[in-house]
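Presented below is the structure to which this report refers.
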Amino acid sequence: MAKNLLIVESPAKAKTIEKILGSDFEVKSCYGHIRDLEKDDMGIDLKNNYSPRYIIPEDKEKVVKELKSTAKKSDEVWLATDEDREGEAISWHLCEVLGLDPKTTKRIVFHEITKPAIEAAVRTPRLLDMNLVNAQQARRVLDRIVGFELSPVLWRKMSMRNSLSAGRVQSVAVRLIAEREREINAFKAESTFKLEAWFSAHDTAKRPVTFKAEGGKYKQAQDAEAFLKSCIGATYTVKDIQVKPTKKTPSAPFTTSTLQQEASRKLGYSVSKTMLLAQKLYESGKITYMRTDSVNLSETAMEDIKKAIEKGYGNRFIQVRKYKNKNESAQEAHEAIRPTYMDETSVDDSDTRRLYELIWKRTMASQMADAELEKTIAKIDISTNKETLTAQGEVLKFEGFLKVYMEDRDEEDITEEDDAEGMLPPLVVGQEPAFKEMKATERFSRPSPRYTEASLVKKLEELGIGRPSTYAPTISTVQKRGYVERRDKEGVKRDYRVLLLAKDKISSETHQENTGAEKAKLFPTDLGLVVTDFLNQHFTEIMDYGFTAKIEGEFDEVAGGQQKWTKMIDEFYNPFHKDVENTLENAERIKGERELGLDPVSGKKVVARMGRFGPMVQIGDVSDEEKPRFAKLKNTQSIETISYDEAMDLFRLPRNLGQFEDTDVVVNIGRFGPYVAHDKLFYSLGKELDPYSVTLEEMIPLITEKRQAKQERTIKVFEKEKIQLLRGPYGPYIKIGLRNFRLPKEAQERAADLTIEEVKAFVEEAKANPPKKAAKSAPKKKKA
DNA sequence: CAGTGAGCGAGCTTCCGCTTGACTT
């Protein structure tokens, strides 16, 4: 047994550090936080200075037990959790749980897992910083209060059956998406006519080439046409040529958020997929820690990268760079994300290869020379008027970092000018290039694009909201709660005009383009919109984009010892809690109601609103004598944008198509999409069939086909006991009502011959040994 | 699997941030 026990947060780190420190140290991991606030009564004693009640969560009991026994056998325990607020708190919890004295226990920190860094840390231990620990307690307590007081307000004021939630981070994330959606809905596209002319000249090899020059923009078609007219019969002369050297600089190495963004743009990965793959690479020792906000590279890594660049591309491509974090909220407990060894240019595993190579290239590029370009701008005079045309070209003089890597841009950061850069033939002043044609093309302005998962992470990071370890979970939470959906949107066709001047004649054409199409974007649901409105109205401070930044400033004061954490929380809690009570008492239930018009048949009001089961349209009122009519909104529709006609269309279901085999065939949309009901059985309508227009003739083959498929799935039915033996994707299984039970392997082969007694025994057996997952989520006992 | 839609009120839900497994109805 080693005489020293050193505790870190991550087990992969523990392994590496143990190798570095040798036999004097046993290095163990505590797997992150080992204690958390109890859930009953918020786990906070509000009347007693916000005193927190901590417990060891069930899934941490094993780790804690092991740490306790190892600590007991060791002479000395060293705390080496991450150097940030959370890490300091973890160390303090370790003291509390392992019975260590915070006034004497050695606390060490390092920002990189390298031999010199760790050895230096061990030489200079310090003590626990209780101010920093208290800043973390303030953060934890505030988040618990906000989450556990706000969520129940939603339960009371919303008539939805699912478990709603609100919190400092998630509610603001939803707000961003809701506001972007409304911005897009309110957007009015404006069109301008953009002028472009094409000329021919000769390149250096005397081959004819075509190049493009741009002119001005015109708001009105007639102005553009007038300009084209004025150019009839003109000659064009190169008046001025400017050649400017420019350069491009590489981006900093990856942090969690920039990795998520680039993997989304270049590889199309969701943030959770990126994190899953990165975790695999980290655990197999291929990359450094993947949850980081630091762009820093260790000295040893810089040396390694330099060598790799020299070997691969030569000295000229090296440019050593130190990157600084732009983000004030960064806590920089780790390095940037980089390969552990640069001479491994790829990995064997096909799952993780593309992500690894992305990280490798970005890391290389970050220490490489600027790319050098030459930009040429030629001005071309028109003999018949005073306007000039501009031709631009760009030539790469020295590749530099572009040899390995170029960062992609988000849709919203791309400007029109960016795609204008191509090659220009050599031109001289006074030259008269041959005119081919000139076009004025109608172009429409575009609204901001909807967020992708990754661009939302970028925005949250800019606002200082959330941490590298929570970006992916936050995005899945807002989707799980039904506030946000990730989906595609089909574009709509739009006409645009093109005016053409060629061979001294002007002609006009109309073309079509697709606009507004989006892929894998985040859309707010009606639920997300109404909840956001409600929170905005009653809890303005929490929903403010600057709220996190503001309280971070106060946490910093606590960490600096200028303020007591309980006082800070008290100042927050008193007004906040008043708002909660006031809202519970006075706020109306959340309905999100919107009036659409009157029903021509009954003359009653048609409204769109939130119901118990989601967004719907309603004709009439519950207080009317006659019951109101209801219809569910389609997935793509929204309370805010649905038109009167679209709403009335929804009442065309259910449709009775007529009879087949003497029973009605009825089409409707249910919980699982469009279906047809016939003879007490239900069949899903495929995507290609529209419930509003299908005919009886189209339905009959579907019914007979599905009926047969259902029969083939059935192995045996015990009519009396209402037990079925069915063939599923995982093999035969037992079905009783809505519940499924597994069949033991040996019984699966002879499923058709099983007796009712045998089946009943298997059901009992399955009930007695439920799958482990079910056992884990079993209801916990509650105190009386 | 394929209904429902108000309000009452059992007894449930819920936060953010640290970390990995165990898990395949």
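Order determines the names: the first chain of the structure tokens is A, the second B, and so forth; residues in each chain are numbered 1 upward, and ligands are numbered 1 upward as they are shown.
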
### Task
List the neighbours of Asp84 (chain A) out to 9 Å using only C-alpha atoms (C1' of nucleotides); skip same-chain residues closer than 6 positions along the sequence, and give me the result as a list in words.
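These residues fall inside the cut-off: Leu132, Gln331, Glu332 and Ala333 of chain A.
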
Serialized selection, N, CA, C and O atoms, as a compact mmCIF listing (two decimals), in the first residue's frame:
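Listed below is the output, out.txt:
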# COMPACT_ATOMS: atom_id res chain seq x y z
N LEU A 132 -13.71 30.10 -2.05
CA LEU A 132 -14.09 29.52 -3.35
C LEU A 132 -15.16 28.45 -3.15
O LEU A 132 -16.12 28.35 -3.92
N GLN A 331 -13.16 29.24 -16.80
CA GLN A 331 -12.48 28.93 -15.53
C GLN A 331 -11.17 28.19 -15.75
O GLN A 331 -10.38 28.03 -14.84
N GLU A 332 -10.95 27.71 -16.97
CA GLU A 332 -9.66 27.19 -17.43
C GLU A 332 -8.97 26.21 -16.48
O GLU A 332 -7.83 26.39 -16.12
N ALA A 333 -9.71 25.18 -16.08
CA ALA A 333 -9.10 24.18 -15.22
C ALA A 333 -8.32 23.14 -16.02
O ALA A 333 -7.57 22.36 -15.46

If you take only C-alpha atoms (C1' of nucleotides) and a cut-off of 7 Å, which residues of region 627-692 of chain A touch chain B, and what are their nearest atom pairs and distances in Å to one decimal, in chain and number order, as CSV?
residue,atom,partner,partner_atom,distance
A:Gly670,CA,B:DA2,C1',5.0
A:Arg671,CA,B:DA2,C1',6.2
A:Phe672,CA,B:DA2,C1',6.8
A:Tyr675,CA,B:DA2,C1',6.9
A:Phe682,CA,B:DA2,C1',6.6

### Task
Could you list the residues in chain A lying within 8 Å of chain B, using only C-alpha atoms (C1' of nucleotides), and format the result as a PyMOL selection string?
chain A and resi 9-10+30-33+86-87+140+143-148+151-152+162-169+467+469-470+611-613+622+630+669-672+675+682+740+773

DSSP alpha helix (DSSP H) selection over region 374-504 of chain A, as a short mmCIF file (atom, residue, chain, number, x, y, z; two decimals) with N, CA and C atoms, in the first residue's frame:
data_model
loop_
_atom_site.label_atom_id
_atom_site.label_comp_id
_atom_site.auth_asym_id
_atom_site.auth_seq_id
_atom_site.Cartn_x
_atom_site.Cartn_y
_atom_site.Cartn_z
N GLU A 453 -28.14 23.06 -32.79
CA GLU A 453 -27.70 22.76 -31.43
C GLU A 453 -26.38 23.47 -31.15
N ALA A 454 -25.47 23.38 -32.09
CA ALA A 454 -24.13 23.92 -31.87
C ALA A 454 -24.12 25.44 -31.85
N SER A 455 -24.93 26.09 -32.71
CA SER A 455 -24.91 27.55 -32.69
C SER A 455 -25.61 28.07 -31.43
N LEU A 456 -26.51 27.27 -30.87
CA LEU A 456 -27.10 27.67 -29.59
C LEU A 456 -26.05 27.59 -28.48
N VAL A 457 -25.24 26.55 -28.51
CA VAL A 457 -24.15 26.43 -27.54
C VAL A 457 -23.23 27.65 -27.64
N LYS A 458 -22.93 28.04 -28.86
CA LYS A 458 -22.05 29.19 -29.07
C LYS A 458 -22.66 30.45 -28.43
N LYS A 459 -23.95 30.63 -28.66
CA LYS A 459 -24.63 31.81 -28.11
C LYS A 459 -24.63 31.76 -26.58
N LEU A 460 -24.95 30.59 -26.02
CA LEU A 460 -24.97 30.46 -24.56
C LEU A 460 -23.59 30.76 -23.98
N GLU A 461 -22.57 30.26 -24.64
CA GLU A 461 -21.21 30.51 -24.15
C GLU A 461 -20.89 32.01 -24.18
N GLU A 462 -21.30 32.68 -25.25
CA GLU A 462 -21.07 34.12 -25.34
C GLU A 462 -21.74 34.86 -24.19
N TYR A 471 -23.47 21.82 -21.64
CA TYR A 471 -24.05 22.24 -22.93
C TYR A 471 -24.90 21.12 -23.53
N ALA A 472 -24.32 19.93 -23.67
CA ALA A 472 -25.06 18.83 -24.30
C ALA A 472 -26.30 18.44 -23.47
N PRO A 473 -26.15 18.24 -22.15
CA PRO A 473 -27.34 17.91 -21.36
C PRO A 473 -28.44 18.99 -21.41
N THR A 474 -28.06 20.26 -21.42
CA THR A 474 -29.08 21.32 -21.47
C THR A 474 -29.89 21.20 -22.75
N ILE A 475 -29.19 20.98 -23.85
CA ILE A 475 -29.89 20.88 -25.13
C ILE A 475 -30.82 19.68 -25.16
N SER A 476 -30.41 18.59 -24.51
CA SER A 476 -31.33 17.45 -24.51
C SER A 476 -32.47 17.68 -23.52
N THR A 477 -32.24 18.41 -22.43
CA THR A 477 -33.32 18.70 -21.49
C THR A 477 -34.43 19.52 -22.14
N VAL A 478 -34.08 20.59 -22.83
CA VAL A 478 -35.15 21.43 -23.39
C VAL A 478 -35.93 20.68 -24.46
N GLN A 479 -35.29 19.70 -25.09
CA GLN A 479 -36.02 18.88 -26.06
C GLN A 479 -36.88 17.84 -25.34
N LYS A 480 -36.33 17.25 -24.27
CA LYS A 480 -37.08 16.24 -23.53
C LYS A 480 -38.34 16.83 -22.90
#

Which residues are close to region 90-99 of chain A, i.e. within 9 Å by only C-alpha atoms (C1' of nucleotides), leaving aside same-chain residues fewer than 6 positions away? Reply as a PDB file with N, CA and C atoms (P, O5', C5', C4', C3', O3' and C1' of nucleotides), in the first residue's frame.
ATOM      1  N   ILE A   7      -6.369  12.136  -4.808  1.00  0.00           N
ATOM      2  CA  ILE A   7      -7.695  11.991  -5.405  1.00  0.00           C
ATOM      3  C   ILE A   7      -7.912  13.024  -6.508  1.00  0.00           C
ATOM      4  N   GLU A   9     -10.633  13.875 -10.149  1.00  0.00           N
ATOM      5  CA  GLU A   9     -12.037  13.692 -10.503  1.00  0.00           C
ATOM      6  C   GLU A   9     -12.260  12.589 -11.535  1.00  0.00           C
ATOM      7  N   CYS A  30     -12.712  10.258  -7.785  1.00  0.00           N
ATOM      8  CA  CYS A  30     -13.980  10.363  -7.056  1.00  0.00           C
ATOM      9  C   CYS A  30     -15.150  10.533  -8.019  1.00  0.00           C
ATOM     10  N   GLY A  32     -16.223  12.996 -10.042  1.00  0.00           N
ATOM     11  CA  GLY A  32     -16.999  14.238  -9.931  1.00  0.00           C
ATOM     12  C   GLY A  32     -17.518  14.466  -8.527  1.00  0.00           C
ATOM     13  N   HIS A  33     -18.642  15.157  -8.440  1.00  0.00           N
ATOM     14  CA  HIS A  33     -19.228  15.457  -7.134  1.00  0.00           C
ATOM     15  C   HIS A  33     -19.609  14.179  -6.404  1.00  0.00           C
ATOM     16  N   ILE A  34     -19.342  14.136  -5.104  1.00  0.00           N
ATOM     17  CA  ILE A  34     -19.713  12.954  -4.329  1.00  0.00           C
ATOM     18  C   ILE A  34     -20.909  13.221  -3.415  1.00  0.00           C
ATOM     19  N   ARG A  35     -21.265  14.495  -3.270  1.00  0.00           N
ATOM     20  CA  ARG A  35     -22.462  14.828  -2.483  1.00  0.00           C
ATOM     21  C   ARG A  35     -23.307  15.843  -3.245  1.00  0.00           C
ATOM     22  N   VAL A  64     -17.540   6.297  -2.647  1.00  0.00           N
ATOM     23  CA  VAL A  64     -17.203   6.898  -1.361  1.00  0.00           C
ATOM     24  C   VAL A  64     -16.672   5.837  -0.398  1.00  0.00           C
ATOM     25  N   LEU A  67     -13.156   5.014  -1.338  1.00  0.00           N
ATOM     26  CA  LEU A  67     -12.232   6.091  -0.994  1.00  0.00           C
ATOM     27  C   LEU A  67     -11.972   6.107   0.511  1.00  0.00           C
ATOM     28  N   LYS A  68     -13.035   5.865   1.283  1.00  0.00           N
ATOM     29  CA  LYS A  68     -12.888   5.862   2.743  1.00  0.00           C
ATOM     30  C   LYS A  68     -11.892   4.799   3.186  1.00  0.00           C
ATOM     31  N   ALA A  71      -8.366   5.684   2.125  1.00  0.00           N
ATOM     32  CA  ALA A  71      -7.861   6.822   2.910  1.00  0.00           C
ATOM     33  C   ALA A  71      -7.383   6.365   4.279  1.00  0.00           C
ATOM     34  N   LYS A  72      -8.152   5.441   4.842  1.00  0.00           N
ATOM     35  CA  LYS A  72      -7.819   4.952   6.183  1.00  0.00           C
ATOM     36  C   LYS A  72      -6.446   4.280   6.198  1.00  0.00           C
ATOM     37  N   LEU A  79      -5.578  16.218  -2.130  1.00  0.00           N
ATOM     38  CA  LEU A  79      -6.749  16.524  -2.943  1.00  0.00           C
ATOM     39  C   LEU A  79      -6.311  17.225  -4.229  1.00  0.00           C
ATOM     40  N   ALA A  80      -6.589  16.576  -5.363  1.00  0.00           N
ATOM     41  CA  ALA A  80      -6.112  17.119  -6.645  1.00  0.00           C
ATOM     42  C   ALA A  80      -7.261  17.285  -7.632  1.00  0.00           C
ATOM     43  N   THR A  81      -8.419  17.692  -7.107  1.00  0.00           N
ATOM     44  CA  THR A  81      -9.555  17.946  -8.005  1.00  0.00           C
ATOM     45  C   THR A  81      -9.275  19.182  -8.851  1.00  0.00           C
ATOM     46  N   ASP A  82     -10.125  19.427  -9.861  1.00  0.00           N
ATOM     47  CA  ASP A  82      -9.876  20.510 -10.815  1.00  0.00           C
ATOM     48  C   ASP A  82      -9.751  21.871 -10.133  1.00  0.00           C
ATOM     49  N   THR A 105      -5.154  19.577   5.350  1.00  0.00           N
ATOM     50  CA  THR A 105      -5.073  18.666   4.202  1.00  0.00           C
ATOM     51  C   THR A 105      -4.463  19.353   2.983  1.00  0.00           C
ATOM     52  N   ARG A 107      -3.816  20.408  -0.686  1.00  0.00           N
ATOM     53  CA  ARG A 107      -4.611  20.611  -1.897  1.00  0.00           C
ATOM     54  C   ARG A 107      -3.662  21.015  -3.002  1.00  0.00           C
ATOM     55  N   LEU A 128      -7.153  24.234   1.327  1.00  0.00           N
ATOM     56  CA  LEU A 128      -8.455  24.473   0.723  1.00  0.00           C
ATOM     57  C   LEU A 128      -8.820  25.956   0.810  1.00  0.00           C
ATOM     58  N   ASP A 129      -9.388  26.482  -0.269  1.00  0.00           N
ATOM     59  CA  ASP A 129      -9.824  27.873  -0.288  1.00  0.00           C
ATOM     60  C   ASP A 129     -11.318  27.914   0.019  1.00  0.00           C
ATOM     61  N   MET A 130     -11.644  28.201   1.286  1.00  0.00           N
ATOM     62  CA  MET A 130     -13.048  28.131   1.709  1.00  0.00           C
ATOM     63  C   MET A 130     -13.911  29.207   1.046  1.00  0.00           C
ATOM     64  N   VAL A 133     -14.985  27.638  -2.097  1.00  0.00           N
ATOM     65  CA  VAL A 133     -15.991  26.623  -1.783  1.00  0.00           C
ATOM     66  C   VAL A 133     -17.337  27.295  -1.539  1.00  0.00           C
TER      67      VAL A 133
ATOM     68  P    DC B  18     -18.790  22.527 -14.088  1.00  0.00           P
ATOM     69  O5'  DC B  18     -18.071  21.082 -13.949  1.00  0.00           O
ATOM     70  C5'  DC B  18     -18.180  20.438 -13.095  1.00  0.00           C
ATOM     71  C4'  DC B  18     -17.795  19.163 -12.535  1.00  0.00           C
ATOM     72  C3'  DC B  18     -17.516  17.959 -13.427  1.00  0.00           C
ATOM     73  O3'  DC B  18     -16.159  17.910 -13.829  1.00  0.00           O
ATOM     74  C1'  DC B  18     -18.954  17.366 -11.652  1.00  0.00           C
TER      75       DC B  18
END

### Query
Counting only C-alpha atoms (C1' of nucleotides), what is within 12 Å of region 300-304 of chain A, bar same-chain residues fewer than 6 positions away, as an MDAnalysis selection string?
chainID A and resid 112:117 253 287:288 310:311 318:323 335:344 363:368

At a cut-off of 9 Å, using only C-alpha atoms (C1' of nucleotides), what residues contact Ala434 (chain A)? Leave out same-chain residues fewer than 3 positions from it and give the result as an mmCIF file with C-alpha atoms, in the first residue's frame.
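Contents of around34.cif, freshly written:
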data_model
loop_
_atom_site.group_PDB
_atom_site.id
_atom_site.type_symbol
_atom_site.label_atom_id
_atom_site.label_comp_id
_atom_site.auth_asym_id
_atom_site.auth_seq_id
_atom_site.Cartn_x
_atom_site.Cartn_y
_atom_site.Cartn_z
ATOM 1 C CA TRP A 198 -19.419 39.051 -67.506
ATOM 2 C CA PHE A 199 -16.391 39.762 -69.697
ATOM 3 C CA SER A 200 -13.875 37.681 -71.512
ATOM 4 C CA ALA A 201 -10.105 38.123 -71.494
ATOM 5 C CA THR A 235 -17.388 49.992 -74.314
ATOM 6 C CA TYR A 236 -15.740 48.954 -71.064
#

### Task
Going by DSSP on the backbone, which bits of region 427-646 of chain A are strand (DSSP E)? Write them as a ChimeraX atom specification, please.
/A:434-444,484-489,492-502,505-515,518-524,594-598,605-611,614-619,629-632

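Distances to Lys248 (chain A) were evaluated for A:Glu299, A:Glu646, A:Glu374, A:Glu588 using only C-alpha atoms, and the minimum falls at A:Glu374.
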